[in-house]
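As structure tokens, the structure follows; a few thoughts come after it.
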There are 4 protein chains.
Amino acid sequence: MIVVMNGSANQGDVEKIIDELKSMGLDINISRGEKRTVLGIIGDTSILESFPFYAYSGVEKVLRVLKPYKLASREFKDKRTTIRLKGINIGGRELAIIAGPCAIENEEQIFTIAEELSKLGIKILRGGAFKPRTSPYSFQGLGKEGLKLMSQAAREFGLLVITEVMSVNQVDLISEYADILQVGTRNMQNFMLLKELGRIKKPVMLKRGMSATFEELLLSAEHILSNGNKEVILCERGIRTFETYTRNTLDLSAVPSLKELSHLPVIVDPSHGTGRWKLVGPMAKSAIVAGADGLIIEVHPNPRASLSDGAQTLNFKKFNHLLKEISAIAHVIGREMNITSHVK
Amino acid sequence: MIVVMNGSANQGDVEKIIDELKSMGLDINISRGEKRTVLGIIGDTSILESFPFYAYSGVEKVLRVLKPYKLASREFKDKRTTIRLKGINIGGRELAIIAGPCAIENEEQIFTIAEELSKLGIKILRGGAFKPRTSPYSFQGLGKEGLKLMSQAAREFGLLVITEVMSVNQVDLISEYADILQVGTRNMQNFMLLKELGRIKKPVMLKRGMSATFEELLLSAEHILSNGNKEVILCERGIRTFETYTRNTLDLSAVPSLKELSHLPVIVDPSHGTGRWKLVGPMAKSAIVAGADGLIIEVHPNPRASLSDGAQTLNFKKFNHLLKEISAIAHVIGREMNITSHVK
Amino acid sequence: MIVVMNGSANQGDVEKIIDELKSMGLDINISRGEKRTVLGIIGDTSILESFPFYAYSGVEKVLRVLKPYKLASREFKDKRTTIRLKGINIGGRELAIIAGPCAIENEEQIFTIAEELSKLGIKILRGGAFKPRTSPYSFQGLGKEGLKLMSQAAREFGLLVITEVMSVNQVDLISEYADILQVGTRNMQNFMLLKELGRIKKPVMLKRGMSATFEELLLSAEHILSNGNKEVILCERGIRTFETYTRNTLDLSAVPSLKELSHLPVIVDPSHGTGRWKLVGPMAKSAIVAGADGLIIEVHPNPRASLSDGAQTLNFKKFNHLLKEISAIAHVIGREMNITSHVK
Amino acid sequence: MIVVMNGSANQGDVEKIIDELKSMGLDINISRGEKRTVLGIIGDTSILESFPFYAYSGVEKVLRVLKPYKLASREFKDKRTTIRLKGINIGGRELAIIAGPCAIENEEQIFTIAEELSKLGIKILRGGAFKPRTSPYSFQGLGKEGLKLMSQAAREFGLLVITEVMSVNQVDLISEYADILQVGTRNMQNFMLLKELGRIKKPVMLKRGMSATFEELLLSAEHILSNGNKEVILCERGIRTFETYTRNTLDLSAVPSLKELSHLPVIVDPSHGTGRWKLVGPMAKSAIVAGADGLIIEVHPNPRASLSDGAQTLNFKKFNHLLKEISAIAHVIGREMNITSHVK
């Protein structure tokens, strides 16, 4: 950690802060330039996490040298994390394609979808039972009933289940039905939930908050990792910007960046990331080329009749076509898609 | 609700969507311009909340006519909401000044602060017992022990207590100790928590999410209101922008805007809104002139020794000075500050 | 154009605005809902461009039905624009790869680069002679001398030249040396410059402003098109967001979006879009898969010694490797790269 | 300047960069921590403005110690700059209230406005002759004719004139008619224009770019200052965020921040800053309390009939009322308004 004293800081100011830091067991390297004195703090600076530097007079800037997350970093673990789950690998050569409806609507819908997806070679079924909705007047999901239907459909067609957990008191219930628990963008900094998810034995897919930096996303992952759960999947799903044509701005540079900073697998959600079905295909393919370990895509037999997010949802035909395109691209860049044989 | 068909939509496209909407009991006003056909939907459009317009071919744009929130709106209730609480009014002529430390650290700290604040005429004590921290390695708060200490200190010096609730399963515990429950910026769209808070009998102060629009803030308030709790206080605390000099960008235009759109009281947090104590004073005064019904300010006997957010915290002397300035300004704009008599 | 009257607008308010619009020769379709009256304006609404709707009492919202740009739109011209330039096509099946240094530094540098690029099969050389620099103390470019050197080097090795024009009074000078004139992100709304560029006979590459929406970019293109120059190339180069790890946030969804909205070719700049050379490759390849018609990439024989933007610059070896990867991908998605034969 | 080497940088990496820096005449302070080596560069680091640190292997982060602007900084000149202009002071105790129409429309309009404003005690008339308009189809201003009319009206009623300059080749023309030249938000980084304005003898009001940080605004001021013109007025006019209810997000924390960082006067534009006339009053008053040295406000005899920006324009009655309110507030905070005597 580096402390830059401002131009009018006097000797007393510098000494006061040095004394304080030394009393905490730290060493200080002092560098006096013509216009600024700069203090380099040496030792275990993690104890300075909450140190109120700016409350000291003469302090102009505090610059962090080390990354604030540890377990999520490539420095802690350079080898990429691969999550193995009933024959599926997330984070290896193989691409993980997760598909399904935004919300589970009824038995027929989810069974139809599960069947069609399994025919296409899809291995992981998504679907919301509890839906975080901006308006209290929108469809809020089927709740526990939805979980049951989804889990039955998945079992019937040999699929794994991923679904969203919105609250600490849902963790047990959802763990019972889901193979992977998803934390939505609005809960990326719901720290009580993250801690709780650190204590379970199932993988967690953590979506980037709508206005979260890469560092904040990795710090949220760190909340889960540091509580004991090593199976975290990161998910880029678009950030909030001034642009209104797209629902969010899908930040594909997050993919190579996160893979540079962390060993965790990275999945991309082009459906929420764009909010427009015409953009889902191009962004899905781009994401793979950018290095994504997989995709999560909204698919529905009849997007017009879907109870939520129809605007960004693909029907089976479009999805099937997209899978073929992804497959051709995956081949060129040295990734595998274990579903190619199924796609005609 | 208005649906704009695109330039290449044909008669069949227009009819298909009209038929569907009519089958839902809605009336349609058709306006055919030279380049576009525009459909005005008449009737109870709230049933269209999740209608997938964009999944219909030929639809270019859907424009909402009515605001998506109701109970929070001035149209629903034009008279301003005043929250009355043991002799305090929030939302009336009187300004509500809430003060206290970022986090409760120990008995001595919170009792000292409570005593000093009560001497200055402050009526509401803030302080975090459960702290939402970006890093799992930062001080996370004293938890239940902190709640107890804060509540004892408040009782001793005749103060009300406001503190943050971070999770559904904390609602009961915190309701026991707090007079007002605070929802932090990271939980503004923690809908499970909002619903739960809709069922309690205590006021809730809802902070604007870091990247939430006014409309989304009001929709989150609607989650609480529509579950039965009418006592919601809105709080502007800065939004996330590209500027890095300030911790957040305090959006003071939120104050007159929210008061135009809603009847709910609006409080401003200049401490988190700026992240720099030198800016707290100017922004606090500005907020009052912009029409804020009160302020929430971080105060600590020794900001340098505070365990969190010292950079944005005022000491008693600076806070006392600020109160005098606010008091002088309040007088000019026709607001009252029931603490003026105490300020020397 | 649609005008939504607010809930408390009375009959007089509605009539006043209708009378005014009718007096301008427009027809009005009135749709009275339970809570709102909505006016659909029919006729040539372009005359309402500056109409102060919100100054009328009772007006709640004005919603635009037609896109505000015309010549740039797919509705005006559905067939994609291809710019043909001395054997190069920009906007066709063929990908246009533009490469070169951030700034022209001296004769040796630019001749070396031109020679190497021509060996790799590159056809268009980029390089700044006049540099827009945030700080007045940074290297500002060689100016006219740089233009001459670049133009000589390009001629020697059979390359076309693209370089930035920063001001109205540079248009003639730069037109003399460049084949394509580039408008930088900071000048996207320098309307005097755009107008001037509308009068020349050379293609213009218009970079998206750092905080410009797709619509604003297309309106800036419209300034050029409506002044007579039909050869505009759009360029996505990253937008400003809260993320600080990357220099900008490259918005690849701009590619399919702009190609949906407009017939103009779209180029991507992954160098400025990310600011980090490690991200240039992944984003370059992603951009092509997203549908970009080409790329503009910073290349320098020795990025460490470059006088500007070395951090985001590739050396020849890395660039050559990237070209091979792009070539393989282009093949799969049905695009051509006329340089493949040169790449070993 | 500080260079943080990454965890895997080896001795050779460190030496290579040290050698290079030493060869440029700089001293290096080396601080070796457990996980990182940190280099403090001592000497005239301004020569490193374009140094490609990130092109060196092993470099993780470069942290700037000194502010990149000089002449604009408080360190260079602590005493506040006051611009004296025919009896008006901008930047002193006195508040500068600038008012007038968005655009000059015709003789009658501008003479009426000039007369009314002079009666209210206003000393500086704003008005656009050349208008930067997003759409080429909007009213572009009267041009030179507008300048003449405005200048005649101002002379007739003893007012100073401020108007926008959009291009290098307009500087002479506009200098002839205007007392203060305004640079709009879209030209804040039109560096050719800034340089040219550095060579004139008239004050320049520089508006903050829509997505410019405080530092970038001050660097743009530095472009003017370093070319010889010391009379620069900064103007906060709102930044672009995700919020759509307001036209821009007026960042009032810019006022105390810029006054902390710089000695230059700071003016606020609540008209463009909000885009809604109902918000102009509250934000104007707030700005003054935040420490602004003045305001620039759009006023028109009949906002409904104005040819641009009517939505955010006050009529004389509302403006007069606002002046009274500002006057009362100014008094309390120790600022003067030399127009109070005129306001009834």
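By order of appearance in the structure tokens: chains A, B, ..., then residues from 1 within every chain, and ligands from 1 in the order shown.
Near chain C, counting only C-alpha atoms at 6 Å, the chain B residues are Gly33, Ile42, Thr241 and Phe242 of chain B.
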Which residues, written as a CSV table (one decimal) with N, CA, C and O atoms, in the first residue's frame, have at least one atom at most 10 Å from Gln170 of chain B, with only C-alpha atoms counted and residues fewer than 4 positions away on the same chain left out?
chain,number,residue,atom,x,y,z
A,168,VAL,N,-31.2,-15.6,1.8
A,168,VAL,CA,-30.6,-16.6,2.7
A,168,VAL,C,-31.6,-17.7,3.1
A,168,VAL,O,-31.2,-18.9,3.1
A,192,MET,N,-24.9,-11.4,2.9
A,192,MET,CA,-25.4,-12.5,3.8
A,192,MET,C,-25.7,-13.7,3.0
A,192,MET,O,-25.4,-14.8,3.4
B,130,PHE,N,-24.6,-4.7,11.5
B,130,PHE,CA,-24.3,-5.6,10.4
B,130,PHE,C,-23.8,-4.7,9.2
B,130,PHE,O,-24.6,-3.9,8.8
B,144,LYS,N,-25.3,-8.6,16.6
B,144,LYS,CA,-26.3,-8.5,17.6
B,144,LYS,C,-25.8,-7.7,18.8
B,144,LYS,O,-26.5,-6.9,19.4
B,164,GLU,N,-29.1,-0.7,9.7
B,164,GLU,CA,-29.3,-1.5,8.4
B,164,GLU,C,-29.7,-2.9,8.6
B,164,GLU,O,-29.1,-3.6,9.5
B,165,VAL,N,-30.6,-3.3,7.8
B,165,VAL,CA,-31.0,-4.8,7.8
B,165,VAL,C,-30.6,-5.3,6.4
B,165,VAL,O,-30.8,-4.7,5.4
B,166,MET,N,-29.9,-6.4,6.5
B,166,MET,CA,-29.2,-6.9,5.2
B,166,MET,C,-29.9,-8.2,4.7
B,166,MET,O,-29.6,-8.6,3.6
B,174,ILE,N,-33.7,-7.1,14.0
B,174,ILE,CA,-33.4,-5.7,13.9
B,174,ILE,C,-34.6,-4.9,14.3
B,174,ILE,O,-34.5,-3.8,14.9
B,175,SER,N,-35.8,-5.4,14.0
B,175,SER,CA,-37.0,-4.7,14.4
B,175,SER,C,-37.1,-4.5,15.9
B,175,SER,O,-37.7,-3.6,16.4
B,193,LEU,N,-36.3,-9.2,0.7
B,193,LEU,CA,-36.1,-8.4,1.9
B,193,LEU,C,-37.2,-7.3,1.9
B,193,LEU,O,-37.9,-7.0,2.9
Find the spatial neighbours of Arg335 of chain B, counting only C-alpha atoms, within a cut-off of 7 Å - ignore same-chain residues fewer than 2 positions away - and output them as a short mmCIF file (atom, residue, chain, number, x, y, z; two decimals) with N, CA, C and O atoms, in the first residue's frame.
data_model
loop_
_atom_site.label_atom_id
_atom_site.label_comp_id
_atom_site.auth_asym_id
_atom_site.auth_seq_id
_atom_site.Cartn_x
_atom_site.Cartn_y
_atom_site.Cartn_z
N ARG B 93 -42.40 20.11 7.86
CA ARG B 93 -41.58 21.31 7.77
C ARG B 93 -40.21 21.12 8.42
O ARG B 93 -39.22 21.71 8.02
N GLU B 94 -40.25 20.26 9.43
CA GLU B 94 -39.06 20.03 10.24
C GLU B 94 -38.04 19.14 9.49
O GLU B 94 -38.42 18.18 8.85
N LEU B 95 -36.78 19.49 9.62
CA LEU B 95 -35.74 18.67 9.00
C LEU B 95 -35.32 17.55 9.95
O LEU B 95 -35.14 17.78 11.14
N ALA B 330 -31.85 26.76 6.66
CA ALA B 330 -33.20 26.22 6.81
C ALA B 330 -34.17 27.35 7.08
O ALA B 330 -35.28 27.41 6.53
N HIS B 331 -33.76 28.26 7.92
CA HIS B 331 -34.60 29.39 8.30
C HIS B 331 -35.03 30.19 7.06
O HIS B 331 -36.20 30.57 6.91
N ILE B 333 -35.29 29.23 3.96
CA ILE B 333 -36.15 28.54 2.99
C ILE B 333 -37.42 27.99 3.63
O ILE B 333 -38.13 27.20 3.03
N MET B 337 -35.62 23.55 12.06
CA MET B 337 -34.67 22.57 12.56
C MET B 337 -34.87 22.59 14.06
O MET B 337 -34.55 23.56 14.74
#
**OP:** Using DSSP on the backbone coordinates, identify the residues of segment 45-84 of chain A assigned to strand (DSSP E or B); present them as a PyMOL selection string.
**Re:** chain A and resi 59-63+73+83-84
Original post:
With distances taken over only C-alpha atoms, which of D:Lys16, D:Arg237, D:Lys259, D:Arg155 is nearest to Glu115 of chain D?
Top reply: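 Closest candidate: D:Arg155.
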**OP:** Skip Lys77 of chain C itself and residues of its chain fewer than 5 positions away, then list as a PyMOL selection string all residues within 12 Å of it, counting only C-alpha atoms.
**Re:** chain C and resi 70-72+230+259-264
Original post:
Can you tell me, as JSON, numbers by chain, what residues are no more than 6 Å from segment 307-324 of chain C when counting only C-alpha atoms, ignoring any on the same chain fewer than 5 positions away?
Top reply: {"C": [271, 275, 276, 277, 298, 299, 300, 301], "D": [50, 52, 54, 55]}
Subject >> Contacts of Asp251 of chain B at 8 Å (only C-alpha atoms; same-chain gap of 4+ positions) as a PyMOL selection string >> reply: (chain B and resi 236-239) or (chain D and resi 249-252)
**OP:** Quick one: pick out all helix (DSSP H, G or I) residues within segment 151-285 of chain C from a backbone DSSP run and write them as a ChimeraX atom specification.
**Re:** /C:151-156,168-177,185-187,191-197,214-225,254-261,270-274,277-285
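Atom pair atom CA of Ile83 of chain D / atom CA of Gln152 of chain D: separated by 23.5 Å.
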